[in-house]
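A.B. asks: Provided below: run_13.tsv, containing TSV, C-alpha atoms and all ligand atoms.
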```
chain	number	residue	atom	x	y	z
A	593	MET	CA	137.95	115.50	80.87
A	594	SER	CA	141.23	113.71	81.57
A	595	GLU	CA	141.21	109.94	81.93
A	596	THR	CA	141.61	110.14	85.70
A	597	GLU	CA	139.09	112.94	86.31
A	598	THR	CA	135.84	111.81	87.93
A	599	PRO	CA	132.86	112.48	85.64
A	600	ALA	CA	130.51	115.13	87.04
A	601	LEU	CA	127.75	112.47	87.05
A	602	PHE	CA	129.82	110.42	89.49
A	603	SER	CA	130.92	113.25	91.75
A	604	PRO	CA	129.40	113.08	95.24
A	605	MET	CA	126.98	115.74	96.46
A	606	THR	CA	126.58	116.68	100.10
A	607	ILE	CA	123.23	118.09	101.15
A	608	GLY	CA	123.01	118.96	104.84
A	609	GLY	CA	124.42	115.99	106.70
A	610	VAL	CA	123.95	113.47	103.89
A	611	THR	CA	126.34	112.71	101.03
A	612	LEU	CA	124.99	111.17	97.85
A	613	PRO	CA	127.77	109.08	96.26
A	614	ASN	CA	126.79	110.20	92.74
A	615	ARG	CA	124.15	112.26	90.93
A	616	ILE	CA	121.89	109.46	89.70
A	617	VAL	CA	118.53	109.16	91.41
A	618	ILE	CA	115.90	106.49	90.96
A	619	SER	CA	112.84	108.68	90.48
A	620	PRO	CA	109.77	107.59	92.47
A	621	MET	CA	107.74	104.94	90.65
A	622	CYS	CA	104.42	103.56	91.86
A	623	THR	CA	104.18	99.82	91.42
A	624	TYR	CA	100.64	99.48	92.82
A	625	SER	CA	101.58	96.20	94.51
A	626	ALA	CA	101.11	96.85	98.23
A	627	ASP	CA	98.57	95.14	100.46
A	628	ASP	CA	96.55	97.87	102.20
A	629	GLY	CA	99.59	100.11	101.75
A	630	VAL	CA	102.05	97.73	103.41
A	631	ALA	CA	105.32	97.17	101.54
A	632	SER	CA	106.37	93.56	100.91
A	633	ASP	CA	109.23	91.48	99.49
A	634	TRP	CA	108.27	92.84	96.08
A	635	HIS	CA	109.25	96.35	97.18
A	636	LEU	CA	112.48	95.12	98.79
A	637	VAL	CA	113.66	93.31	95.66
A	638	HIS	CA	112.36	95.94	93.23
A	639	LEU	CA	114.07	98.82	95.08
A	640	GLY	CA	117.05	96.77	96.22
A	641	GLN	CA	118.10	96.09	92.62
A	642	TYR	CA	118.62	99.83	92.13
A	643	ALA	CA	121.13	99.98	94.99
A	644	LEU	CA	123.01	97.05	93.45
A	645	GLY	CA	122.70	98.89	90.13
A	646	GLY	CA	124.69	101.83	91.49
A	647	ALA	CA	122.19	104.70	91.89
A	648	GLY	CA	123.30	107.29	94.44
A	649	LEU	CA	119.79	107.91	95.78
A	650	VAL	CA	116.88	105.50	95.52
A	651	PHE	CA	113.39	106.84	96.13
A	652	THR	CA	110.52	104.57	97.06
A	653	GLU	CA	107.36	105.01	95.10
A	654	ALA	CA	104.85	107.62	96.30
A	655	ALA	CA	103.91	106.60	99.84
A	656	ALA	CA	100.37	107.65	100.74
A	657	VAL	CA	100.09	109.71	103.93
A	658	SER	CA	96.64	108.29	104.70
A	659	GLN	CA	94.55	105.44	103.40
A	660	ASN	CA	92.37	107.73	101.27
A	661	ALA	CA	95.46	109.54	99.91
A	662	ARG	CA	96.15	106.57	97.63
A	663	ILE	CA	95.69	106.67	93.87
A	664	THR	CA	94.69	103.00	93.77
A	665	HIS	CA	94.10	100.15	96.18
A	666	GLY	CA	97.65	98.92	95.39
A	667	ASP	CA	99.51	102.08	96.45
A	668	MET	CA	102.15	101.82	99.12
A	669	GLY	CA	101.62	103.94	102.23
A	670	ILE	CA	103.10	105.11	105.50
A	671	TRP	CA	100.05	106.08	107.51
A	672	SER	CA	100.75	103.82	110.50
A	673	ASP	CA	103.68	102.40	112.45
A	674	GLU	CA	102.99	99.00	110.83
A	675	HIS	CA	103.66	100.58	107.42
A	676	ALA	CA	106.91	102.12	108.69
A	677	GLU	CA	108.06	98.77	110.13
A	678	ALA	CA	107.60	97.13	106.73
A	679	LEU	CA	109.81	99.81	105.14
A	680	LYS	CA	112.66	99.47	107.65
A	681	PRO	CA	114.41	96.50	105.97
A	682	ILE	CA	114.15	98.26	102.61
A	683	ALA	CA	115.84	101.45	103.85
A	684	ALA	CA	118.48	99.32	105.60
A	685	PHE	CA	119.18	97.25	102.48
A	686	LEU	CA	119.57	100.32	100.26
A	687	LYS	CA	121.98	101.87	102.73
A	688	ALA	CA	123.99	98.68	103.23
A	689	HIS	CA	124.50	98.48	99.47
A	690	GLY	CA	125.74	102.01	98.92
A	691	ALA	CA	122.61	103.98	98.02
A	692	VAL	CA	121.00	106.71	100.10
A	693	PRO	CA	117.44	105.61	100.94
A	694	GLY	CA	114.75	108.15	100.02
A	695	ILE	CA	110.98	108.17	100.36
A	696	GLN	CA	108.35	110.23	98.55
A	697	LEU	CA	105.25	111.25	100.51
A	698	ALA	CA	102.06	111.83	98.58
A	699	HIS	CA	98.35	112.55	98.56
A	700	ALA	CA	96.46	111.85	95.34
A	701	GLY	CA	93.72	114.47	95.90
A	702	ARG	CA	91.20	114.44	93.06
A	703	LYS	CA	93.13	111.67	91.27
A	704	ALA	CA	92.48	109.21	94.13
A	705	SER	CA	90.27	106.14	94.01
A	706	ILE	CA	91.00	104.87	90.50
A	707	GLN	CA	92.01	101.53	88.97
A	708	ARG	CA	95.54	100.16	88.92
A	709	PRO	CA	96.95	100.83	85.42
A	710	TRP	CA	96.66	97.21	84.33
A	711	PHE	CA	92.96	97.15	85.31
A	712	GLY	CA	92.23	100.20	83.13
A	713	ASN	CA	93.62	103.33	84.86
A	714	GLY	CA	90.08	104.75	84.97
A	715	PRO	CA	87.27	105.05	87.51
A	716	LEU	CA	86.59	101.88	89.52
A	717	GLY	CA	83.85	99.73	87.94
A	718	GLU	CA	81.95	96.48	88.38
A	719	ASP	CA	85.03	94.27	87.77
A	720	ASP	CA	86.95	96.16	90.44
A	721	PHE	CA	84.07	95.96	92.94
A	722	ALA	CA	83.97	92.18	92.37
A	723	ARG	CA	87.68	92.09	93.26
A	724	GLY	CA	86.89	93.97	96.49
A	725	ASP	CA	88.15	97.36	95.33
A	726	GLN	CA	85.50	99.82	96.49
A	727	PRO	CA	85.70	103.56	95.66
A	728	TRP	CA	86.06	106.14	98.42
A	729	ASP	CA	85.06	109.77	98.87
A	730	ILE	CA	87.76	112.09	97.52
A	731	GLY	CA	88.62	115.69	98.42
A	732	ALA	CA	90.37	118.56	96.62
A	733	PRO	CA	90.65	122.35	96.98
A	734	SER	CA	87.54	122.79	94.80
A	735	ALA	CA	84.79	120.46	93.65
A	736	LEU	CA	86.26	120.17	90.15
A	737	PRO	CA	87.04	116.82	88.48
A	738	VAL	CA	90.19	116.27	86.38
A	739	ASP	CA	88.04	115.84	83.29
A	740	GLU	CA	84.83	114.24	82.09
A	741	GLY	CA	84.52	110.69	83.41
A	742	TRP	CA	86.61	111.32	86.53
A	743	LEU	CA	85.21	111.32	90.09
A	744	VAL	CA	84.03	114.70	91.35
A	745	PRO	CA	85.85	115.59	94.59
A	746	HIS	CA	84.22	117.43	97.48
A	747	GLU	CA	85.70	120.80	98.45
A	748	MET	CA	87.97	120.20	101.45
A	749	THR	CA	87.14	122.07	104.66
A	750	VAL	CA	89.85	124.00	106.47
A	751	ASP	CA	89.85	121.29	109.17
A	752	GLU	CA	90.48	118.66	106.50
A	753	ILE	CA	93.33	120.75	105.09
A	754	HIS	CA	94.97	120.90	108.51
A	755	THR	CA	94.48	117.16	108.99
A	756	VAL	CA	96.19	116.38	105.67
A	757	GLN	CA	99.09	118.71	106.51
A	758	GLN	CA	99.46	116.87	109.82
A	759	ASN	CA	99.30	113.51	107.99
A	760	PHE	CA	102.36	114.60	105.99
A	761	ALA	CA	104.20	115.62	109.16
A	762	ASP	CA	103.32	112.33	110.91
A	763	ALA	CA	104.46	110.39	107.83
A	764	ALA	CA	107.74	112.34	107.84
A	765	GLY	CA	108.35	111.31	111.46
A	766	ARG	CA	107.68	107.66	110.59
A	767	SER	CA	109.97	107.93	107.54
A	768	ALA	CA	112.85	109.08	109.73
A	769	ALA	CA	112.15	106.27	112.20
A	770	ALA	CA	112.15	103.77	109.31
A	771	GLY	CA	115.69	104.85	108.35
A	772	PHE	CA	115.11	107.04	105.31
A	773	GLU	CA	117.64	109.82	104.81
A	774	VAL	CA	116.00	111.89	102.08
A	775	LEU	CA	112.34	112.89	102.02
A	776	GLU	CA	110.47	114.18	99.00
A	777	ILE	CA	107.05	115.81	99.14
A	778	HIS	CA	105.05	115.11	95.99
A	779	SER	CA	103.37	118.29	94.87
A	780	ALA	CA	103.26	117.57	91.12
A	781	HIS	CA	101.33	115.68	88.42
A	782	GLY	CA	97.84	116.92	89.30
A	783	TYR	CA	97.82	115.37	92.78
A	784	LEU	CA	96.71	117.27	95.89
A	785	GLY	CA	99.59	119.76	96.29
A	786	ASN	CA	99.53	120.62	92.58
A	787	THR	CA	95.77	121.22	92.68
A	788	PHE	CA	96.15	123.74	95.50
A	789	LEU	CA	98.83	125.63	93.51
A	790	SER	CA	97.07	125.73	90.16
A	791	PRO	CA	94.37	128.33	89.49
A	792	LEU	CA	92.75	125.78	87.17
A	793	SER	CA	91.90	123.45	90.06
A	794	ASN	CA	91.86	125.83	93.04
A	795	GLN	CA	88.93	128.23	92.91
A	796	ARG	CA	88.54	128.73	96.65
A	797	ASN	CA	87.67	132.12	98.12
A	798	ASP	CA	89.26	131.52	101.52
A	799	ALA	CA	92.88	131.78	102.75
A	800	TYR	CA	93.86	128.63	100.79
A	801	GLY	CA	92.83	130.00	97.39
A	802	GLY	CA	92.67	133.22	95.42
A	803	ASP	CA	95.99	134.83	94.54
A	804	ARG	CA	99.29	132.95	94.24
A	805	ALA	CA	100.14	133.49	97.92
A	806	GLY	CA	96.80	131.94	98.93
A	807	ARG	CA	97.24	129.00	96.56
A	808	MET	CA	100.77	128.37	97.91
A	809	ARG	CA	99.57	128.41	101.55
A	810	PHE	CA	98.65	124.70	101.72
A	811	THR	CA	102.12	123.63	100.53
A	812	LEU	CA	104.11	126.15	102.54
A	813	GLU	CA	102.33	125.41	105.84
A	814	MET	CA	102.69	121.69	105.20
A	815	VAL	CA	106.40	122.04	104.48
A	816	GLU	CA	106.85	123.97	107.75
A	817	LYS	CA	105.13	121.15	109.66
A	818	VAL	CA	107.22	118.50	107.89
A	819	ARG	CA	110.51	120.35	108.35
A	820	ALA	CA	109.80	120.66	112.10
A	821	VAL	CA	109.63	116.86	112.34
A	822	TRP	CA	112.11	115.74	109.64
A	823	PRO	CA	115.64	115.83	111.17
A	824	ALA	CA	117.54	119.06	110.42
A	825	GLY	CA	120.53	117.37	108.73
A	826	LYS	CA	118.41	115.24	106.41
A	827	PRO	CA	117.60	116.62	102.96
A	828	LEU	CA	114.07	117.64	102.06
A	829	PHE	CA	113.03	117.71	98.38
A	830	VAL	CA	109.78	119.02	96.89
A	831	ARG	CA	108.62	117.78	93.49
A	832	VAL	CA	106.48	120.26	91.58
A	833	SER	CA	104.96	120.48	88.16
A	834	ALA	CA	106.99	123.51	87.12
A	835	ILE	CA	104.35	124.25	84.49
A	836	ASP	CA	100.81	122.95	84.13
A	837	GLY	CA	101.21	123.24	80.37
A	838	VAL	CA	97.55	124.23	80.06
A	839	GLY	CA	96.42	127.79	79.32
A	840	GLY	CA	95.82	129.88	82.46
A	841	GLY	CA	97.62	127.37	84.68
A	842	TRP	CA	100.62	127.42	87.00
A	843	SER	CA	103.69	128.90	85.25
A	844	LEU	CA	107.46	128.71	85.46
A	845	ASP	CA	107.54	132.23	86.95
A	846	ASP	CA	105.21	130.95	89.70
A	847	THR	CA	107.58	128.02	90.27
A	848	VAL	CA	110.56	130.31	90.76
A	849	VAL	CA	108.62	132.28	93.41
A	850	LEU	CA	107.54	129.05	95.11
A	851	ALA	CA	111.15	127.78	95.08
A	852	GLY	CA	112.28	130.90	96.96
A	853	GLU	CA	109.56	130.38	99.59
A	854	LEU	CA	110.41	126.70	99.96
A	855	LYS	CA	114.10	127.42	100.28
A	856	ALA	CA	113.35	129.92	103.06
A	857	ARG	CA	111.52	127.11	104.88
A	858	GLY	CA	114.41	124.66	104.70
A	859	VAL	CA	113.72	122.78	101.48
A	860	ASP	CA	117.03	121.67	99.97
A	861	VAL	CA	116.20	120.57	96.43
A	862	MET	CA	113.42	121.35	93.99
A	863	ASP	CA	112.60	118.35	91.81
A	864	CYS	CA	111.30	119.93	88.59
A	865	SER	CA	108.58	117.94	86.87
A	866	SER	CA	105.67	119.14	84.74
A	867	GLY	CA	102.07	118.50	83.73
A	868	GLY	CA	99.28	116.35	85.10
A	869	ILE	CA	96.66	118.94	86.07
A	870	GLY	CA	94.78	118.12	82.86
A	871	GLY	CA	95.93	117.35	79.34
A	872	PRO	CA	99.04	115.20	78.82
A	873	ALA	CA	100.94	114.21	81.94
A	874	THR	CA	104.19	115.51	80.44
A	875	ALA	CA	102.84	118.95	79.44
A	876	VAL	CA	104.14	118.08	75.95
A	877	SER	CA	101.55	117.78	73.18
A	878	SER	CA	100.67	114.12	72.69
A	879	ARG	CA	101.05	114.67	68.91
A	880	ASP	CA	104.76	115.53	69.30
A	881	ALA	CA	107.65	113.23	70.10
A	882	ILE	CA	108.83	113.95	73.64
A	883	PRO	CA	112.39	115.30	73.41
A	884	MET	CA	115.22	113.86	75.52
A	885	GLY	CA	115.57	115.82	78.75
A	886	PHE	CA	112.41	117.81	77.99
A	887	ARG	CA	112.13	119.15	81.56
A	888	LEU	CA	115.63	120.64	81.62
A	889	PRO	CA	114.54	124.25	81.02
A	890	PHE	CA	112.63	124.09	84.33
A	891	SER	CA	115.50	122.84	86.49
A	892	GLU	CA	117.88	125.23	84.77
A	893	ARG	CA	115.69	128.27	85.45
A	894	VAL	CA	114.96	127.37	89.10
A	895	ARG	CA	118.64	126.66	89.72
A	896	ALA	CA	119.66	130.03	88.27
A	897	ASP	CA	116.85	132.30	89.50
A	898	ALA	CA	116.06	130.77	92.89
A	899	ASP	CA	119.68	129.77	93.50
A	900	MET	CA	118.57	126.34	94.61
A	901	PRO	CA	119.84	122.85	93.76
A	902	THR	CA	117.54	121.01	91.37
A	903	MET	CA	116.72	117.54	90.14
A	904	THR	CA	115.59	116.89	86.59
A	905	HIS	CA	114.16	113.78	84.94
A	906	GLY	CA	112.29	112.92	81.77
A	907	PHE	CA	113.79	110.86	78.97
A	908	ILE	CA	117.39	111.01	80.07
A	909	ILE	CA	118.79	107.70	78.92
A	910	GLN	CA	122.29	108.40	77.59
A	911	ALA	CA	125.34	108.57	79.87
A	912	ASP	CA	126.92	111.40	77.84
A	913	HIS	CA	123.75	113.46	78.03
A	914	ALA	CA	123.43	113.00	81.80
A	915	GLU	CA	127.10	113.87	82.23
A	916	GLN	CA	126.75	117.02	80.13
A	917	ILE	CA	123.69	118.20	82.12
A	918	VAL	CA	125.51	117.99	85.44
A	919	ARG	CA	128.79	119.35	84.05
A	920	GLU	CA	127.04	122.36	82.51
A	921	GLY	CA	125.12	123.04	85.73
A	922	ARG	CA	121.66	122.60	84.21
A	923	ALA	CA	120.64	120.36	87.13
A	924	ASP	CA	122.39	118.85	90.14
A	925	LEU	CA	120.68	115.49	90.08
A	926	ILE	CA	119.46	113.24	87.27
A	927	GLY	CA	116.35	111.17	87.90
A	928	ILE	CA	115.72	108.05	85.87
A	929	ALA	CA	112.48	106.09	85.98
A	930	ARG	CA	111.49	104.11	82.87
A	931	GLU	CA	115.14	103.67	81.89
A	932	ALA	CA	115.69	102.04	85.29
A	933	LEU	CA	112.79	99.66	84.64
A	934	TYR	CA	114.48	98.74	81.37
A	935	ASN	CA	117.94	98.50	82.87
A	936	PRO	CA	118.31	98.62	86.68
A	937	TYR	CA	122.10	98.65	86.18
A	938	TRP	CA	122.00	101.86	84.13
A	939	PRO	CA	124.23	103.78	86.62
A	940	ARG	CA	126.94	101.11	86.51
A	941	HIS	CA	126.80	100.92	82.71
A	942	ALA	CA	126.89	104.73	82.48
A	943	ALA	CA	130.03	104.75	84.65
A	944	HIS	CA	131.65	102.24	82.33
A	945	GLN	CA	130.74	104.26	79.27
A	946	LEU	CA	132.21	107.40	80.82
A	947	GLY	CA	135.44	105.55	81.60
A	948	HIS	CA	134.79	105.67	85.33
A	949	ASN	CA	135.58	102.62	87.44
A	950	PRO	CA	136.76	100.44	84.50
A	951	ASP	CA	138.07	97.81	86.96
A	952	PHE	CA	134.54	97.07	88.33
A	953	SER	CA	135.72	97.88	91.85
A	954	HIS	CA	132.52	99.84	92.59
A	955	TRP	CA	130.31	96.90	91.63
A	956	PRO	CA	129.07	94.48	94.30
A	957	LYS	CA	132.12	92.34	95.06
A	958	GLN	CA	130.05	89.26	94.30
A	959	TYR	CA	129.89	90.47	90.68
A	960	GLY	CA	133.03	92.58	90.14
A	961	TRP	CA	135.57	89.78	90.55
A	962	TRP	CA	133.95	87.86	87.68
A	963	LEU	CA	133.32	90.82	85.46
A	964	VAL	CA	136.99	91.87	85.43
A	965	ARG	CA	137.95	88.47	84.06
A	966	ARG	CA	135.10	88.43	81.60
A	967	GLU	CA	136.03	91.89	80.36
A	968	SER	CA	139.63	90.85	79.85
A	969	ASN	CA	138.53	88.03	77.57
A	970	LEU	CA	136.08	90.26	75.72
A	971	ARG	CA	138.98	92.62	74.99
A	972	LYS	CA	141.09	89.77	73.65
A	973	LEU	CA	138.17	88.96	71.36
A	974	GLY	CA	138.11	92.60	70.22
A	975	ILE	CA	134.68	93.25	71.75
A	976	ASP	CA	134.25	96.65	73.45
A	977	ARG	CA	131.21	96.50	75.74
A	978	ALA	CA	131.73	99.94	77.29
A	979	GLY	CA	130.63	101.66	74.13
A	980	ALA	CA	127.61	99.34	73.71
B	1	LIG	C1	105.84	103.18	86.52
B	1	LIG	C2	105.96	104.63	86.89
B	1	LIG	C3	105.47	105.07	88.11
B	1	LIG	C4	105.63	106.40	88.51
B	1	LIG	N1	105.25	106.78	89.77
B	1	LIG	C5	105.58	108.01	90.23
B	1	LIG	C6	105.43	108.34	91.58
B	1	LIG	O1	105.09	107.50	92.43
B	1	LIG	N2	105.73	109.61	91.96
B	1	LIG	C7	106.19	110.55	91.07
B	1	LIG	O2	106.43	111.69	91.45
B	1	LIG	N3	106.38	110.24	89.78
B	1	LIG	C8	106.13	109.00	89.34
B	1	LIG	N4	106.44	108.65	88.05
B	1	LIG	C9	107.15	109.61	87.20
B	1	LIG	C10	108.67	109.34	87.26
B	1	LIG	O3	109.17	109.54	88.56
B	1	LIG	C11	109.45	110.24	86.28
B	1	LIG	O4	109.30	111.57	86.70
B	1	LIG	C12	108.97	110.13	84.84
B	1	LIG	O5	108.69	108.79	84.48
B	1	LIG	C13	109.99	110.71	83.85
B	1	LIG	O6	111.23	110.05	83.92
B	1	LIG	P1	111.66	108.90	82.85
B	1	LIG	O7	111.58	109.53	81.49
B	1	LIG	O8	113.07	108.53	83.23
B	1	LIG	O9	110.71	107.77	82.97
B	1	LIG	C14	106.26	107.33	87.63
B	1	LIG	C15	106.70	106.88	86.38
B	1	LIG	C16	106.59	105.55	86.01
B	1	LIG	C17	107.15	105.11	84.68
```
Would you kindly transcribe this structure into structure tokens?
Ligand SMILES: Cc1cc2nc3c(=O)[nH]c(=O)nc-3n(C[C@H](O)[C@H](O)[C@H](O)COP(=O)(O)O)c2cc1C

C.D. replies:
Amino acid sequence: MSETETPALFSPMTIGGVTLPNRIVISPMCTYSADDGVASDWHLVHLGQYALGGAGLVFTEAAAVSQNARITHGDMGIWSDEHAEALKPIAAFLKAHGAVPGIQLAHAGRKASIQRPWFGNGPLGEDDFARGDQPWDIGAPSALPVDEGWLVPHEMTVDEIHTVQQNFADAAGRSAAAGFEVLEIHSAHGYLGNTFLSPLSNQRNDAYGGDRAGRMRFTLEMVEKVRAVWPAGKPLFVRVSAIDGVGGGWSLDDTVVLAGELKARGVDVMDCSSGGIGGPATAVSSRDAIPMGFRLPFSERVRADADMPTMTHGFIIQADHAEQIVREGRADLIGIAREALYNPYWPRHAAHQLGHNPDFSHWPKQYGWWLVRRESNLRKLGIDRAGA
């Protein structure tokens, strides 16, 4: 790469009518800090820092499409106009500060009604009840719990399935009204969509179970309903667990078939995650160290075989690595989650390390003016921060 060439990581990407200024995406991250699903100043500041930090696309955390679609009592949601109103200033702030605002829509399925992580991440108990956190009835394709000690869901009726699909469509309409420009449907990590796809959790005998086509029906019908409401020029992503990582589960071959079906229904990007149906959430043995970029084989395969843009994420923390992934066409977009918690300015630091925007002109002007002068003195002192 010549000194003046823009790194692939910082090349824009146009999807439909929306242009992402670079390839770095803040991957959705639940913060379990909403009040009855309503976003607050916490969400504005938490997400806003990622726009200032230079990400091209900032996703909200999973937004529940109904009250009982939440994982915990702290989940954010978008099941009413009041919820959408609370999200408006957040979408506007992200946009005003150079990031494309995105929202992830979700239903927790058989993983609903549990404790916030810091209260135990398990079934709700006496301490939670005392705090006012009561459990609720949960539904899933089949009456199968995640594992021993988890709540047993009831088998959803066909009417319930249609209601949930409509909840997603209604939430998509509210998301557009709130100013979001990218929508992601969460169908990964053992939540509702994933449990319909996987033969391990879907043992129905009706049209929504059985063979792969039956198990895909819930997701495909829901995507059709969402796409009919979500404006045509605005990108639609679907996040899947590309493999369950458990014997007899959903496979990468299945994912490639699903990607083709989603693409035919107007989905623009497949966000390739893994795991969560049971066993480790990463689909990597908990005994092994998780390799950097461990989900890359999934995005690479979907991109090649379904001819569809992909997003990858999972332990991508080095600028050079992210740059190489995009340059080699292994994924179009790089999601960062925990790295962004550690360093919300990761995109700006990555740009610096790749020699892009060395004059700080892409930084918020309130910061850039000072940083140029600071950098100049650091250089005189022989300190090179770009490589740090
Ligand atoms: C605090 C936290 C909350 C998360 N919440 C969500 C979520 O709401 N939706 C989702 O699809 N993934 C969620 N994830 C997974 C991340 O989006 C991401 O896929 C995963 O952490 C791997 O990326 P990383 O190695 O950069 O952290 C969450 C991860 C973290 C650390």

A.B. asks: Work out where the centre of an axis-aligned box around every listed atom of ligand LIG 1 (chain B) lies and how long its edges are once 6 Å is added on each side; give both in Å to one decimal as AutoDock Vina command-line options.

C.D. replies:
```
--center_x 109.1 --center_y 107.4 --center_z 87.0 --size_x 20.0 --size_y 20.5 --size_z 22.9
```

A.B. asks: Dump as a list in words all residues having an atom at most 10 Å from (118.1, 109.0, 76.8), computed in the file's coordinates with only C-alpha atoms.

C.D. replies: Pro883, Met884, Gly885, Gly906, Phe907, Ile908, Ile909, Gln910, Ala911, Asp912, His913, Ala914, Ile928 and Glu931 of chain A

A.B. asks: So which residues touch region 661-672 of chain A within 6 Å, counting all atoms listed in the file, skipping near sequence neighbours fewer than 5 positions away, as a PyMOL selection string?

C.D. replies: chain A and resi 624-626+629-630+655-656+699-700+704-708+763

A.B. asks: Check the smallest atom-to-atom distance from each of A:Met621, A:Ala683, A:Ile607, A:Leu644 to Pro936 (chain A) using all atoms listed in the file, then report the winner.

C.D. replies: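 That would be A:Leu644, the residue with the smallest distance to Pro936 (chain A).
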
A.B. asks: Which residues are near region 742-747 of chain A? Cut-off 10 Å, only C-alpha atoms, ignore same chain within fewer than 6 positions. Put them as a list in words.

C.D. replies: Gly701, Arg702, Lys703, Ala704, Ser705, Ile706, Gly714, Pro715, Leu716, Pro727, Trp728, Asp729, Ile730, Gly731, Ala732, Pro733, Ser734, Ala735, Leu736, Asn794, Gln795 and Arg796 of chain A

A.B. asks: Just give me the gap between CA of Gly609 (chain A) and CA of Ile777 (chain A) in Å, one decimal is fine.

C.D. replies: 18.9 Å
